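Novice: Here you go, one structure.
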Amino acid sequence: MTGYIVRRTLQMVPTVGGVILITFVLFNVVGGSPAAMTLGKHVSPQLLEEFDEQRGFNKPLIWGWWAVTRAHPDAFFPEDPGLWRDHLADVGRGAEDAGYLAVGPGELRIPLAFSLRPGTRYRWIMEFGHPPRSRIGLIMRNAVPQGVSSAEPGSTGQLVRLAVRGRKTVVDFTVTGKDPSFVLRIEGRESLRSIRLRRRMPHPWDSQLFFYLRQLCPVIFLRERDESGRGGVRLKWKGIDLGYSYSTNQRVSRMLLDGLVPSLTLTIPIFIGGLICGVLAALLCAYFRDTMLDRLFVVLSVALMSINYLVWIVGGQYLLGYRLGWFPVWGYESWSYLLLPVIIGILRGLGADIRFYRTVMLDEMYRDYVRTAEAKGVSRPGILFRHVLKNAMIPIITTTVIAIPFLYTGSLLLESFFGIPGLGYMGVNAINSSDVDVVRALVLIGSVMYVLANLLTDVCYALVDPRVRLR
Amino acid sequence: MSMREKDIREANMSLWRDAWRRLKARRSAAACLLVVGAYALLALYGEGVYWYYYLRDETPPYNRVNLEAQYLPPSVFRAPFRMPAGAASPEGWRMHLVRLRFGLRNLLRHPLGTDGLGRDVLQRTIQGARIAFQVGIVTSLIAIPIGLVLGLIAGYFGGRVDDVIVWLYSTFASIPGLLFILAVAMVVGRGLTGVYLGIGLTTWVGLCRLIRGEVIKHRGRPYVEAARALGFGHVRIMFRHILPNVFHIVLVTFTLRFPAAVNTEVIMSFLGIGVQGEPSWGIMISNARLRLWHGIWWELAAATVAIFGIVLAFNLLGDALRDALDPRLRTGRT
């Protein structure tokens, strides 16, 4: 049995890893930095960069030495001039120089959105429209070029002669002081196709993926060295970091804990009430099978299934809450506020439940043991409650246990329409305000709970049925 | 015709002909098919209206604001039908009849009333059908090929390939459904594209699982072995030989997925991350929700009834199809 549990637990690992991978692909690869979405369009690039820095969005995706920086977004003159918008008049439109920025002879200051970080290595990558025929230099202030031999001190900074290979030139430099500036000195008339700035990462694995994994990893590895030089690795517990919500300025883990209780107070009654109502109705169906009542229940369940969730909520709020005034419509102050959402939640799920439970019960009704019990003279209710119900509960419990993890997200719609400050309400708000960290945390935790519930079901099954263990 | 003859005829029938016969025999299923067809025609009409006004670069009638006709109730509840107060006298009756005769033309306008901006509810409901069909079809076109191909490959090849695909779908299955759809839509961006991708990329799992299970059963069948012995390639065996034998699952899944997609679209549009600027049923409900408090019920009612009709028809049709196509999947024994 222990072996089975261990094996089954190990099977969880790839699934959880897959979920982490999917959230990474969804939010980092497809989504990209949500900075502009969350902060709004008219925010300084520096704030956006700080946002990215905090969440690791300014790192390479998976592996790489060079990262993009918002200090100088890639200027590709045929399409997007980036910060070079003032120079748009010089972008050629002829056949020869279409989309190229005409430069020189003279000096041209490279625009930067904000100051580069001192002590960091950067790289300019410039591409010309045609192989340049004249000498091209870059005057740097507060920055030291790297690997360039012919640097000469000038009055406004160091002049670096750029070595152009074909159409491209690359120059690396380290920022030494505050507010470095860069001026292009071009002796002839040339055309620029693109200018890009890259920031060098301290480590190529310092990427978004590993930033994310490090956030999720609950321990950190500290490498310690004593005086004798012997090293050791110490584990330190730091907890799982689920990020930081921008819209509420709170840690996501804090928000999850706060929202859990209201969610559970809503979903647990719905869960239990729905189970009881569904099983009772299915028992009625099984007892009165092939009569008008059974058929009525079947029709009713299909009809219940076909009503949209929204209609349940809006209609329930209007009729029971507003028109009849039986329940409060909005808020989370006492238990009476929960009554209406619970009723709506139960009603909504009832259709599908009745149908499924009824099928299960009727399947059982035709088994041999039922015939034996009948022959033995057990009364019909006796058969139903003592024999059929027990056997039918196995598939019913399995499907309901699988639904348990979804209890924690609460009900996205119910909570936001009844103003219950649970996780579902939080989720809808986060989606509306593009709060990536919150949504990601909800998806992640929901999936992990699902996997755990699956494990629980399987272990319970194995406890009951020895055949499962041997497979 | 003797019983035996009938048996022989049934045995000679192909699966699809047999299924069609069973479907027709069930009167409720035939009615559902009619309802679905009617909705499809309405959706097509809506599509035509949309393109007509789009190409002429005019505001379509369902978006035309007419502040003089705000909150007009459905015509049955409008003046000529409804007796004015104190009209119970014979004179009043005659006046009423006269007004009824002259008012009929007026009644044909806005038969289901108008909303707060004087836009015709009937036209908007038809446009909602158009959006619903678009969503149902496009999401199926995304989800079904993914589920089908992955399921076929997993079931046919087994081994490592199977492990990877099972891992992929169990990972997708473990993410909470609606939240995942909303997250995808949030990342992709508001609008119909978000709805398509959100629903399409998350709902292929069920189909994939069913197809895989079924293909595993077929893999060892003699006809597959015969095809292999004849030297046919894997792709040909999968798509020409096995696929037709498991295709009924696709059909059943489609009919059961369609209403789910419609419902999800309604919820997404309601939450404001669905359709933008077009009248979808979700947007109608969202608009009508607050007006309901002032007694303006018809907009909500139109959208509700429309959703209910199509979802009910598809649900019943899906059950009937399942019963007709796959005897083992039959719901209940009645």
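Starting from 1 in every chain, residues are counted up; chains themselves are A, B, ... following the order of the structure tokens, and ligands are numbered from 1 as listed.
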For chain B, which residues have at least one atom within 8 Å of chain A, if we go by only C-alpha atoms? Write them as a ChimeraX atom specification, please.
Specialist: /B:167-168,170-172,174-176,179-180,182-184,186-188,263,267,271-273,285,289,292-293,304,307-309,311-312,315-316,331-334
Novice: Near Leu325 (chain B), counting only C-alpha atoms, which residues have an atom at most 12 Å away, once you skip same-chain residues fewer than 3 positions from it, shown as number ranges by chain?
Specialist: B: 14-23, 245-253, 317-322, 328-330
Novice: Tell me, as a ChimeraX atom specification, which residues lie within 7 Å of Val205 (chain B), counting only C-alpha atoms; anything in the same chain fewer than 6 positions away does not count.
Specialist: /B:147,169,173
Novice: I need the alpha helix (DSSP H) residues of region 72-269 of chain B per DSSP on the backbone, written as a PyMOL selection string.
Specialist: chain B and resi 90-108+121-157+159-173+177-188+192-202+205-219+222-229+234-236+243-269
Novice: Pick out the closest residue to Pro60 (chain B) from this set: B:Ile216, B:Leu41, B:Asp120, B:Ala185. Count only C-alpha atoms.
Specialist: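 For Pro60 (chain B), the nearest of the candidates is B:Asp120.
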Novice: Among region 141-364 of chain A, which residues does DSSP mark as strand (DSSP E) when it is run on the backbone? Keep the chain and numbering as in the structure and answer as an MDAnalysis selection string.
Specialist: chainID A and resid 141 143:146 151:153 158:161 164:165 168:175 181:186 190:200 219:225 231:237 244:245 250:251
Novice: With only C-alpha atoms as the basis for distance, which of A:Met292, A:Ala113, A:Val6, A:Val13 is at the shortest distance from Leu48 (chain A)?
Specialist: A:Ala113
Novice: Find the residues near Lys59 (chain A): any atom within 12 Å, counting only C-alpha atoms, skip ones fewer than 4 places away on the same chain, and give them as a ChimeraX atom specification.
Specialist: /A:28-29,32-33,49,52-55,63-70,198-212
Novice: Please list as a list in words every residue within 10 Å of Ala303 (chain B), counting only C-alpha atoms and excluding residues in the same chain fewer than 4 positions away.
Specialist: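 Near neighbours after the sequence-gap exclusion: Val311 of chain A; Val121, Leu122, Arg124, Thr125, Ile126, Gly128, Ala129, Val266, Ser280, Trp281, Gly282, Ile283, Met284, Ile285, Ala288, Trp298, Glu299, Ile307, Phe308 and Gly309 of chain B.
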Novice: How would the residues just chosen look if you wrote them out with N, CA, C and O atoms as a tab-separated table (two decimals), in the first residue's frame?
Specialist:
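Result saved to part-v3.tsv:
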```
chain	number	residue	atom	x	y	z
A	311	VAL	N	-28.54	33.89	-16.03
A	311	VAL	CA	-29.99	34.06	-15.87
A	311	VAL	C	-30.40	33.65	-14.48
A	311	VAL	O	-31.22	34.31	-13.84
B	121	VAL	N	-34.86	45.08	-30.05
B	121	VAL	CA	-34.44	43.90	-29.30
B	121	VAL	C	-34.40	42.66	-30.20
B	121	VAL	O	-33.48	41.85	-30.11
B	122	LEU	N	-35.38	42.55	-31.10
B	122	LEU	CA	-35.41	41.37	-31.97
B	122	LEU	C	-34.14	41.29	-32.82
B	122	LEU	O	-33.50	40.25	-32.91
B	124	ARG	N	-31.30	42.59	-32.24
B	124	ARG	CA	-30.12	42.31	-31.41
B	124	ARG	C	-30.08	40.85	-31.01
B	124	ARG	O	-29.01	40.24	-30.94
B	125	THR	N	-31.26	40.28	-30.76
B	125	THR	CA	-31.28	38.86	-30.40
B	125	THR	C	-30.78	38.01	-31.57
B	125	THR	O	-30.03	37.05	-31.38
B	126	ILE	N	-31.19	38.40	-32.80
B	126	ILE	CA	-30.74	37.64	-33.96
B	126	ILE	C	-29.22	37.77	-34.11
B	126	ILE	O	-28.52	36.80	-34.39
B	128	GLY	N	-27.23	38.16	-31.71
B	128	GLY	CA	-26.69	37.30	-30.66
B	128	GLY	C	-26.58	35.86	-31.14
B	128	GLY	O	-25.58	35.18	-30.87
B	129	ALA	N	-27.59	35.40	-31.88
B	129	ALA	CA	-27.53	34.05	-32.44
B	129	ALA	C	-26.33	33.93	-33.37
B	129	ALA	O	-25.62	32.92	-33.38
B	266	VAL	N	-21.43	33.72	-23.36
B	266	VAL	CA	-22.37	34.64	-22.72
B	266	VAL	C	-21.75	35.18	-21.42
B	266	VAL	O	-21.77	36.39	-21.16
B	280	SER	N	-24.11	40.74	-28.31
B	280	SER	CA	-24.17	39.31	-28.00
B	280	SER	C	-25.19	39.12	-26.88
B	280	SER	O	-25.59	40.07	-26.22
B	281	TRP	N	-25.61	37.89	-26.68
B	281	TRP	CA	-26.60	37.64	-25.63
B	281	TRP	C	-26.07	38.04	-24.26
B	281	TRP	O	-26.80	38.54	-23.42
B	282	GLY	N	-24.80	37.81	-24.05
B	282	GLY	CA	-24.19	38.18	-22.77
B	282	GLY	C	-24.25	39.68	-22.55
B	282	GLY	O	-24.55	40.15	-21.45
B	283	ILE	N	-23.97	40.42	-23.62
B	283	ILE	CA	-24.01	41.88	-23.50
B	283	ILE	C	-25.44	42.35	-23.28
B	283	ILE	O	-25.69	43.27	-22.49
B	284	MET	N	-26.39	41.67	-23.94
B	284	MET	CA	-27.79	42.04	-23.72
B	284	MET	C	-28.18	41.84	-22.27
B	284	MET	O	-28.83	42.69	-21.65
B	285	ILE	N	-27.78	40.69	-21.71
B	285	ILE	CA	-28.13	40.43	-20.31
B	285	ILE	C	-27.45	41.45	-19.41
B	285	ILE	O	-28.06	41.98	-18.48
B	288	ALA	N	-29.30	44.63	-19.67
B	288	ALA	CA	-30.67	44.58	-19.17
B	288	ALA	C	-30.73	44.39	-17.67
B	288	ALA	O	-31.77	44.61	-17.05
B	298	TRP	N	-38.12	42.98	-21.02
B	298	TRP	CA	-38.16	42.26	-22.30
B	298	TRP	C	-36.79	41.97	-22.91
B	298	TRP	O	-36.61	40.96	-23.56
B	299	GLU	N	-35.84	42.86	-22.66
B	299	GLU	CA	-34.52	42.61	-23.24
B	299	GLU	C	-33.90	41.36	-22.61
B	299	GLU	O	-33.40	40.47	-23.30
B	307	ILE	N	-31.16	31.91	-25.44
B	307	ILE	CA	-30.12	31.00	-24.96
B	307	ILE	C	-30.73	29.67	-24.57
B	307	ILE	O	-30.24	28.60	-24.94
B	308	PHE	N	-31.82	29.75	-23.82
B	308	PHE	CA	-32.46	28.53	-23.34
B	308	PHE	C	-32.81	27.62	-24.51
B	308	PHE	O	-32.51	26.43	-24.51
B	309	GLY	N	-33.41	28.20	-25.54
B	309	GLY	CA	-33.84	27.40	-26.69
B	309	GLY	C	-32.69	26.67	-27.34
B	309	GLY	O	-32.74	25.43	-27.51
```
Novice: Do you know which residues are at most 9 Å from Ala69 (chain B) counting only C-alpha atoms, after dropping those on the same chain fewer than 6 positions away, and could you put them as a list in words?
Specialist: Gly113, Thr114, Asp115, Gly116, Leu117, Gly118 and Arg119 of chain B
